[in-house]
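**Student:** Just passing along the structure, written as structure tokens.
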Amino acid sequence: SLGSILRARVVPPVGGDTLFADMVSAYESLPEGLREEIEGVTAIHSFEQNFGRRMTEEQREKFLEKFPPARHPVVRTHPETGKKALYVSRPFTTHIEGMEPEESASLLRRLYHRSEIPEHQVRFRWKENSVAFWDNRCAQHRTVWDYYPQVRHGYRVTIAGDKPF
């Protein structure tokens with residue numbers, strides 16, 4: 001997707017922030033040798049390890065027919081800025097194409113870690129009716145689940161984008 005817009009309607013009195021990671025900064029912080037190693041490499045992405053865990057096998061199969069796993073470059077180029085960004089995420093990237101499982105998992109852990117470094121993140125504190133708009137081509141987001149038993153509710157729109165390159 002190109003991006004997403006989220007409007008908060010119900011927010012907890014404390015917690016429930018969203019962390020946004022700058023994946024251009026994450027890519028640029030990689031050692032030169034690692035950047036060279038992942039250039040031109042393809043990863044497989046699927047909803048199964050995230051949303052699929054909450055589905056029945058039948059639901060998952062139907063969803064897979066409509067949304068099969070996708071092949072995306074590990075390093076994508078932003079179509080407007082021309083900047084390179086890491087394009088892998090814990091919830092959706094399953095493995096690196098053509099690598100042994102252990103090697104793929106090891107490399108992905110190193111890359112995922114980049115989005116978790118505070119210097120590549122901004123923390124958004126929600127208030128009722130706050131709106132966040134982010135570019136999925138160069139940013140990742142993650143909710144901080146620290147507000148139980150309080151609730152957080154909002155409305156999200158996702159904008160269709162282009163095929164990553």
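Here, A, B, ... name the chains of the structure tokens in the order displayed, residue numbers run from 1 inside each chain, and ligands are numbered from 1 in the same displayed order.
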Write out as a PyMOL selection string the set of residues from segment 1-151 of chain A that DSSP, computed on the backbone, places in strand (DSSP E or B).

**Tutor:** chain A and resi 3-10+18-22+42-45+70-73+75-77+84-86+93-96+121-124+131-135+139-143

**Student:** Quick check for you: according to DSSP on this backbone, which residues of chain A are classed as helix (DSSP H, G or I)? Reply as JSON, numbers by chain.

**Tutor:** {"A": [23, 24, 25, 26, 27, 28, 32, 33, 34, 35, 36, 37, 38, 51, 52, 53, 54, 57, 58, 59, 60, 61, 62, 63, 64, 65, 66, 101, 102, 103, 104, 105, 106, 107, 108, 109, 110, 111, 112, 113, 114, 115, 118, 119, 120]}

**Student:** I want to know what sits within 12 Å of Trp134 of chain A, based on only C-alpha atoms, with residues of the same chain fewer than 5 positions away left out; could you give that as a PDB file with all heavy atoms, in the first residue's frame?

**Tutor:**
ATOM      1  N   SER A   1       0.836  -1.192   0.000  1.00  0.00           N
ATOM      2  CA  SER A   1       0.000   0.000   0.000  1.00  0.00           C
ATOM      3  C   SER A   1       0.873   1.244   0.000  1.00  0.00           C
ATOM      4  O   SER A   1       2.001   1.225   0.465  1.00  0.00           O
ATOM      5  CB  SER A   1      -0.921  -0.028   1.209  1.00  0.00           C
ATOM      6  OG  SER A   1      -0.180   0.047   2.396  1.00  0.00           O
ATOM      7  N   LEU A   2       0.327   2.314  -0.523  1.00  0.00           N
ATOM      8  CA  LEU A   2       1.043   3.580  -0.529  1.00  0.00           C
ATOM      9  C   LEU A   2       1.140   4.146   0.879  1.00  0.00           C
ATOM     10  O   LEU A   2       2.189   4.567   1.335  1.00  0.00           O
ATOM     11  CB  LEU A   2       0.318   4.570  -1.443  1.00  0.00           C
ATOM     12  CG  LEU A   2       0.942   5.955  -1.563  1.00  0.00           C
ATOM     13  CD1 LEU A   2       0.719   6.506  -2.952  1.00  0.00           C
ATOM     14  CD2 LEU A   2       0.404   6.901  -0.517  1.00  0.00           C
ATOM     15  N   GLY A   3       0.014   4.148   1.565  1.00  0.00           N
ATOM     16  CA  GLY A   3       0.007   4.700   2.908  1.00  0.00           C
ATOM     17  C   GLY A   3      -1.284   4.382   3.626  1.00  0.00           C
ATOM     18  O   GLY A   3      -2.169   3.728   3.075  1.00  0.00           O
ATOM     19  N   SER A   4      -1.370   4.856   4.839  1.00  0.00           N
ATOM     20  CA  SER A   4      -2.560   4.647   5.656  1.00  0.00           C
ATOM     21  C   SER A   4      -2.865   5.906   6.445  1.00  0.00           C
ATOM     22  O   SER A   4      -1.969   6.691   6.764  1.00  0.00           O
ATOM     23  CB  SER A   4      -2.364   3.482   6.627  1.00  0.00           C
ATOM     24  OG  SER A   4      -2.204   2.275   5.932  1.00  0.00           O
ATOM     25  N   ILE A   5      -4.146   6.054   6.763  1.00  0.00           N
ATOM     26  CA  ILE A   5      -4.614   7.162   7.590  1.00  0.00           C
ATOM     27  C   ILE A   5      -5.418   6.539   8.724  1.00  0.00           C
ATOM     28  O   ILE A   5      -6.284   5.696   8.480  1.00  0.00           O
ATOM     29  CB  ILE A   5      -5.512   8.128   6.788  1.00  0.00           C
ATOM     30  CG1 ILE A   5      -4.778   8.646   5.543  1.00  0.00           C
ATOM     31  CG2 ILE A   5      -5.976   9.292   7.678  1.00  0.00           C
ATOM     32  CD1 ILE A   5      -5.685   9.337   4.550  1.00  0.00           C
ATOM     33  N   LEU A   6      -5.126   6.945   9.948  1.00  0.00           N
ATOM     34  CA  LEU A   6      -5.825   6.416  11.103  1.00  0.00           C
ATOM     35  C   LEU A   6      -6.325   7.577  11.963  1.00  0.00           C
ATOM     36  O   LEU A   6      -5.566   8.502  12.271  1.00  0.00           O
ATOM     37  CB  LEU A   6      -4.894   5.525  11.932  1.00  0.00           C
ATOM     38  CG  LEU A   6      -5.480   4.872  13.181  1.00  0.00           C
ATOM     39  CD1 LEU A   6      -6.648   3.954  12.842  1.00  0.00           C
ATOM     40  CD2 LEU A   6      -4.389   4.082  13.905  1.00  0.00           C
ATOM     41  N   ARG A   7      -7.608   7.512  12.299  1.00  0.00           N
ATOM     42  CA  ARG A   7      -8.211   8.508  13.190  1.00  0.00           C
ATOM     43  C   ARG A   7      -8.612   7.797  14.475  1.00  0.00           C
ATOM     44  O   ARG A   7      -9.359   6.819  14.448  1.00  0.00           O
ATOM     45  CB  ARG A   7      -9.442   9.131  12.546  1.00  0.00           C
ATOM     46  CG  ARG A   7     -10.135  10.132  13.454  1.00  0.00           C
ATOM     47  CD  ARG A   7     -11.337  10.728  12.779  1.00  0.00           C
ATOM     48  NE  ARG A   7     -12.021  11.644  13.670  1.00  0.00           N
ATOM     49  CZ  ARG A   7     -13.318  11.847  13.639  1.00  0.00           C
ATOM     50  NH1 ARG A   7     -14.068  11.215  12.758  1.00  0.00           N
ATOM     51  NH2 ARG A   7     -13.863  12.682  14.476  1.00  0.00           N
ATOM     52  N   THR A  18       1.715   4.719  19.265  1.00  0.00           N
ATOM     53  CA  THR A  18       2.175   4.009  18.073  1.00  0.00           C
ATOM     54  C   THR A  18       3.607   4.428  17.797  1.00  0.00           C
ATOM     55  O   THR A  18       3.929   5.616  17.824  1.00  0.00           O
ATOM     56  CB  THR A  18       1.288   4.319  16.856  1.00  0.00           C
ATOM     57  OG1 THR A  18      -0.044   3.874  17.124  1.00  0.00           O
ATOM     58  CG2 THR A  18       1.800   3.616  15.601  1.00  0.00           C
ATOM     59  N   LEU A  19       4.459   3.438  17.531  1.00  0.00           N
ATOM     60  CA  LEU A  19       5.846   3.698  17.146  1.00  0.00           C
ATOM     61  C   LEU A  19       5.934   3.628  15.628  1.00  0.00           C
ATOM     62  O   LEU A  19       5.487   2.648  15.017  1.00  0.00           O
ATOM     63  CB  LEU A  19       6.772   2.660  17.764  1.00  0.00           C
ATOM     64  CG  LEU A  19       6.787   2.588  19.279  1.00  0.00           C
ATOM     65  CD1 LEU A  19       7.624   1.399  19.747  1.00  0.00           C
ATOM     66  CD2 LEU A  19       7.315   3.882  19.865  1.00  0.00           C
ATOM     67  N   PHE A  20       6.497   4.661  15.025  1.00  0.00           N
ATOM     68  CA  PHE A  20       6.734   4.682  13.585  1.00  0.00           C
ATOM     69  C   PHE A  20       8.239   4.606  13.360  1.00  0.00           C
ATOM     70  O   PHE A  20       8.993   5.358  13.986  1.00  0.00           O
ATOM     71  CB  PHE A  20       6.182   5.964  12.956  1.00  0.00           C
ATOM     72  CG  PHE A  20       4.681   6.014  12.943  1.00  0.00           C
ATOM     73  CD1 PHE A  20       3.991   6.642  13.967  1.00  0.00           C
ATOM     74  CD2 PHE A  20       3.968   5.429  11.910  1.00  0.00           C
ATOM     75  CE1 PHE A  20       2.607   6.693  13.958  1.00  0.00           C
ATOM     76  CE2 PHE A  20       2.582   5.479  11.899  1.00  0.00           C
ATOM     77  CZ  PHE A  20       1.901   6.110  12.918  1.00  0.00           C
ATOM     78  N   ALA A  21       8.650   3.715  12.482  1.00  0.00           N
ATOM     79  CA  ALA A  21      10.072   3.556  12.179  1.00  0.00           C
ATOM     80  C   ALA A  21      10.370   4.074  10.778  1.00  0.00           C
ATOM     81  O   ALA A  21       9.659   3.746   9.821  1.00  0.00           O
ATOM     82  CB  ALA A  21      10.480   2.085  12.280  1.00  0.00           C
ATOM     83  N   ASP A  22      11.416   4.863  10.670  1.00  0.00           N
ATOM     84  CA  ASP A  22      11.895   5.396   9.399  1.00  0.00           C
ATOM     85  C   ASP A  22      12.788   4.334   8.759  1.00  0.00           C
ATOM     86  O   ASP A  22      13.926   4.130   9.182  1.00  0.00           O
ATOM     87  CB  ASP A  22      12.669   6.681   9.658  1.00  0.00           C
ATOM     88  CG  ASP A  22      13.295   7.285   8.416  1.00  0.00           C
ATOM     89  OD1 ASP A  22      13.301   6.643   7.340  1.00  0.00           O
ATOM     90  OD2 ASP A  22      13.793   8.425   8.529  1.00  0.00           O
ATOM     91  N   VAL A 122       9.820   7.344  15.891  1.00  0.00           N
ATOM     92  CA  VAL A 122       9.114   8.441  16.534  1.00  0.00           C
ATOM     93  C   VAL A 122       7.912   7.812  17.243  1.00  0.00           C
ATOM     94  O   VAL A 122       7.335   6.839  16.755  1.00  0.00           O
ATOM     95  CB  VAL A 122       8.670   9.534  15.530  1.00  0.00           C
ATOM     96  CG1 VAL A 122       7.674   9.012  14.528  1.00  0.00           C
ATOM     97  CG2 VAL A 122       8.119  10.743  16.251  1.00  0.00           C
ATOM     98  N   PHE A 124       4.176   8.282  18.620  1.00  0.00           N
ATOM     99  CA  PHE A 124       2.985   9.116  18.458  1.00  0.00           C
ATOM    100  C   PHE A 124       2.028   8.844  19.605  1.00  0.00           C
ATOM    101  O   PHE A 124       1.603   7.710  19.797  1.00  0.00           O
ATOM    102  CB  PHE A 124       2.312   8.785  17.112  1.00  0.00           C
ATOM    103  CG  PHE A 124       1.195   9.717  16.732  1.00  0.00           C
ATOM    104  CD1 PHE A 124       1.455  10.925  16.121  1.00  0.00           C
ATOM    105  CD2 PHE A 124      -0.124   9.365  16.975  1.00  0.00           C
ATOM    106  CE1 PHE A 124       0.426  11.778  15.757  1.00  0.00           C
ATOM    107  CE2 PHE A 124      -1.158  10.209  16.624  1.00  0.00           C
ATOM    108  CZ  PHE A 124      -0.894  11.418  16.012  1.00  0.00           C
ATOM    109  N   ALA A 139       7.977   3.620   5.839  1.00  0.00           N
ATOM    110  CA  ALA A 139       7.767   3.641   7.286  1.00  0.00           C
ATOM    111  C   ALA A 139       7.067   2.364   7.727  1.00  0.00           C
ATOM    112  O   ALA A 139       6.334   1.749   6.953  1.00  0.00           O
ATOM    113  CB  ALA A 139       6.920   4.852   7.682  1.00  0.00           C
ATOM    114  N   GLN A 140       7.317   1.973   8.939  1.00  0.00           N
ATOM    115  CA  GLN A 140       6.594   0.867   9.574  1.00  0.00           C
ATOM    116  C   GLN A 140       5.987   1.409  10.857  1.00  0.00           C
ATOM    117  O   GLN A 140       6.486   2.381  11.425  1.00  0.00           O
ATOM    118  CB  GLN A 140       7.539  -0.281   9.929  1.00  0.00           C
ATOM    119  CG  GLN A 140       8.011  -1.061   8.755  1.00  0.00           C
ATOM    120  CD  GLN A 140       8.834  -2.269   9.186  1.00  0.00           C
ATOM    121  OE1 GLN A 140       8.822  -2.691  10.331  1.00  0.00           O
ATOM    122  NE2 GLN A 140       9.576  -2.812   8.248  1.00  0.00           N
ATOM    123  N   HIS A 141       4.929   0.764  11.301  1.00  0.00           N
ATOM    124  CA  HIS A 141       4.315   1.192  12.552  1.00  0.00           C
ATOM    125  C   HIS A 141       4.016  -0.014  13.428  1.00  0.00           C
ATOM    126  O   HIS A 141       3.863  -1.131  12.940  1.00  0.00           O
ATOM    127  CB  HIS A 141       3.028   1.981  12.287  1.00  0.00           C
ATOM    128  CG  HIS A 141       1.910   1.140  11.785  1.00  0.00           C
ATOM    129  ND1 HIS A 141       1.885   0.636  10.513  1.00  0.00           N
ATOM    130  CD2 HIS A 141       0.791   0.704  12.396  1.00  0.00           C
ATOM    131  CE1 HIS A 141       0.780  -0.076  10.354  1.00  0.00           C
ATOM    132  NE2 HIS A 141       0.100  -0.061  11.482  1.00  0.00           N
ATOM    133  N   ARG A 156      -9.475   3.302  10.141  1.00  0.00           N
ATOM    134  CA  ARG A 156      -8.281   3.291   9.305  1.00  0.00           C
ATOM    135  C   ARG A 156      -8.669   3.144   7.846  1.00  0.00           C
ATOM    136  O   ARG A 156      -9.550   2.362   7.497  1.00  0.00           O
ATOM    137  CB  ARG A 156      -7.370   2.127   9.705  1.00  0.00           C
ATOM    138  CG  ARG A 156      -6.116   2.037   8.867  1.00  0.00           C
ATOM    139  CD  ARG A 156      -5.213   0.953   9.368  1.00  0.00           C
ATOM    140  NE  ARG A 156      -4.149   0.697   8.433  1.00  0.00           N
ATOM    141  CZ  ARG A 156      -3.114  -0.057   8.683  1.00  0.00           C
ATOM    142  NH1 ARG A 156      -3.004  -0.650   9.853  1.00  0.00           N
ATOM    143  NH2 ARG A 156      -2.186  -0.249   7.786  1.00  0.00           N
ATOM    144  N   VAL A 157      -7.960   3.890   7.018  1.00  0.00           N
ATOM    145  CA  VAL A 157      -8.100   3.792   5.572  1.00  0.00           C
ATOM    146  C   VAL A 157      -6.713   3.505   5.023  1.00  0.00           C
ATOM    147  O   VAL A 157      -5.733   4.138   5.433  1.00  0.00           O
ATOM    148  CB  VAL A 157      -8.630   5.118   4.970  1.00  0.00           C
ATOM    149  CG1 VAL A 157      -8.638   5.064   3.456  1.00  0.00           C
ATOM    150  CG2 VAL A 157     -10.011   5.443   5.508  1.00  0.00           C
ATOM    151  N   THR A 158      -6.620   2.552   4.098  1.00  0.00           N
ATOM    152  CA  THR A 158      -5.346   2.249   3.468  1.00  0.00           C
ATOM    153  C   THR A 158      -5.449   2.593   1.988  1.00  0.00           C
ATOM    154  O   THR A 158      -6.447   2.286   1.335  1.00  0.00           O
ATOM    155  CB  THR A 158      -4.976   0.766   3.663  1.00  0.00           C
ATOM    156  OG1 THR A 158      -4.836   0.542   5.081  1.00  0.00           O
ATOM    157  CG2 THR A 158      -3.672   0.419   2.983  1.00  0.00           C
ATOM    158  N   ILE A 159      -4.411   3.235   1.475  1.00  0.00           N
ATOM    159  CA  ILE A 159      -4.395   3.715   0.099  1.00  0.00           C
ATOM    160  C   ILE A 159      -3.573   2.755  -0.765  1.00  0.00           C
ATOM    161  O   ILE A 159      -2.431   2.446  -0.437  1.00  0.00           O
ATOM    162  CB  ILE A 159      -3.764   5.128   0.046  1.00  0.00           C
ATOM    163  CG1 ILE A 159      -4.519   6.059   0.990  1.00  0.00           C
ATOM    164  CG2 ILE A 159      -3.742   5.658  -1.379  1.00  0.00           C
ATOM    165  CD1 ILE A 159      -3.746   7.307   1.368  1.00  0.00           C
TER     166      ILE A 159
END

**Student:** Counting only C-alpha atoms, which residue out of A:Gly98, A:Gly82, A:Pro164, A:Pro91 sits closest to Asn50 of chain A?

**Tutor:**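 Ranked by minimum distance to Asn50 of chain A, first place goes to A:Pro91.
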
**Student:** Using only C-alpha atoms, which of the listed residues (A:Cys138, A:Leu30, A:Val14, A:Ala43) sits closest to Ala105 of chain A?

**Tutor:**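 With only C-alpha atoms as the atom set, the closest residue is A:Ala43.
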
**Student:** In Å, how far is it from atom CA of Phe165 of chain A to atom CA of Tyr112 of chain A?

**Tutor:**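 Separation of atom CA of Phe165 of chain A and atom CA of Tyr112 of chain A: 19.3 Å.
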
**Student:** Taking 5 positions as the minimum chain separation for residues in the same chain, which residues sit within 6 Å of Gly16 of chain A when counting only C-alpha atoms? Answer as a PyMOL selection string.

**Tutor:** chain A and resi 144-145+147

**Student:** So, with only C-alpha atoms as the atoms that count, which of A:Ser115, A:Glu61, A:Ala8, A:Gly15 lies closest to Tyr148 of chain A?

**Tutor:**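 Among A:Ser115, A:Glu61, A:Ala8, A:Gly15, it is A:Gly15 that comes nearest to Tyr148 of chain A.
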
**Student:** Quick one: pull the distance between atom CA of Arg90 of chain A and atom CA of His45 of chain A, Å, one decimal.

**Tutor:**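 Computed distance, atom CA of Arg90 of chain A to atom CA of His45 of chain A, equals 9.7 Å.
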
**Student:** With only C-alpha atoms as the basis for distance, which of A:Pro73, A:Pro101, A:Pro12, A:Gly161 is at the shortest distance from Tyr87 of chain A?

**Tutor:**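 The closest residue to Tyr87 of chain A is A:Pro73.
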
**Student:** May I ask for the distance between atom CA of Glu39 of chain A and atom CA of Phe133 of chain A, given in Å to one decimal place?

**Tutor:** 28.6 Å
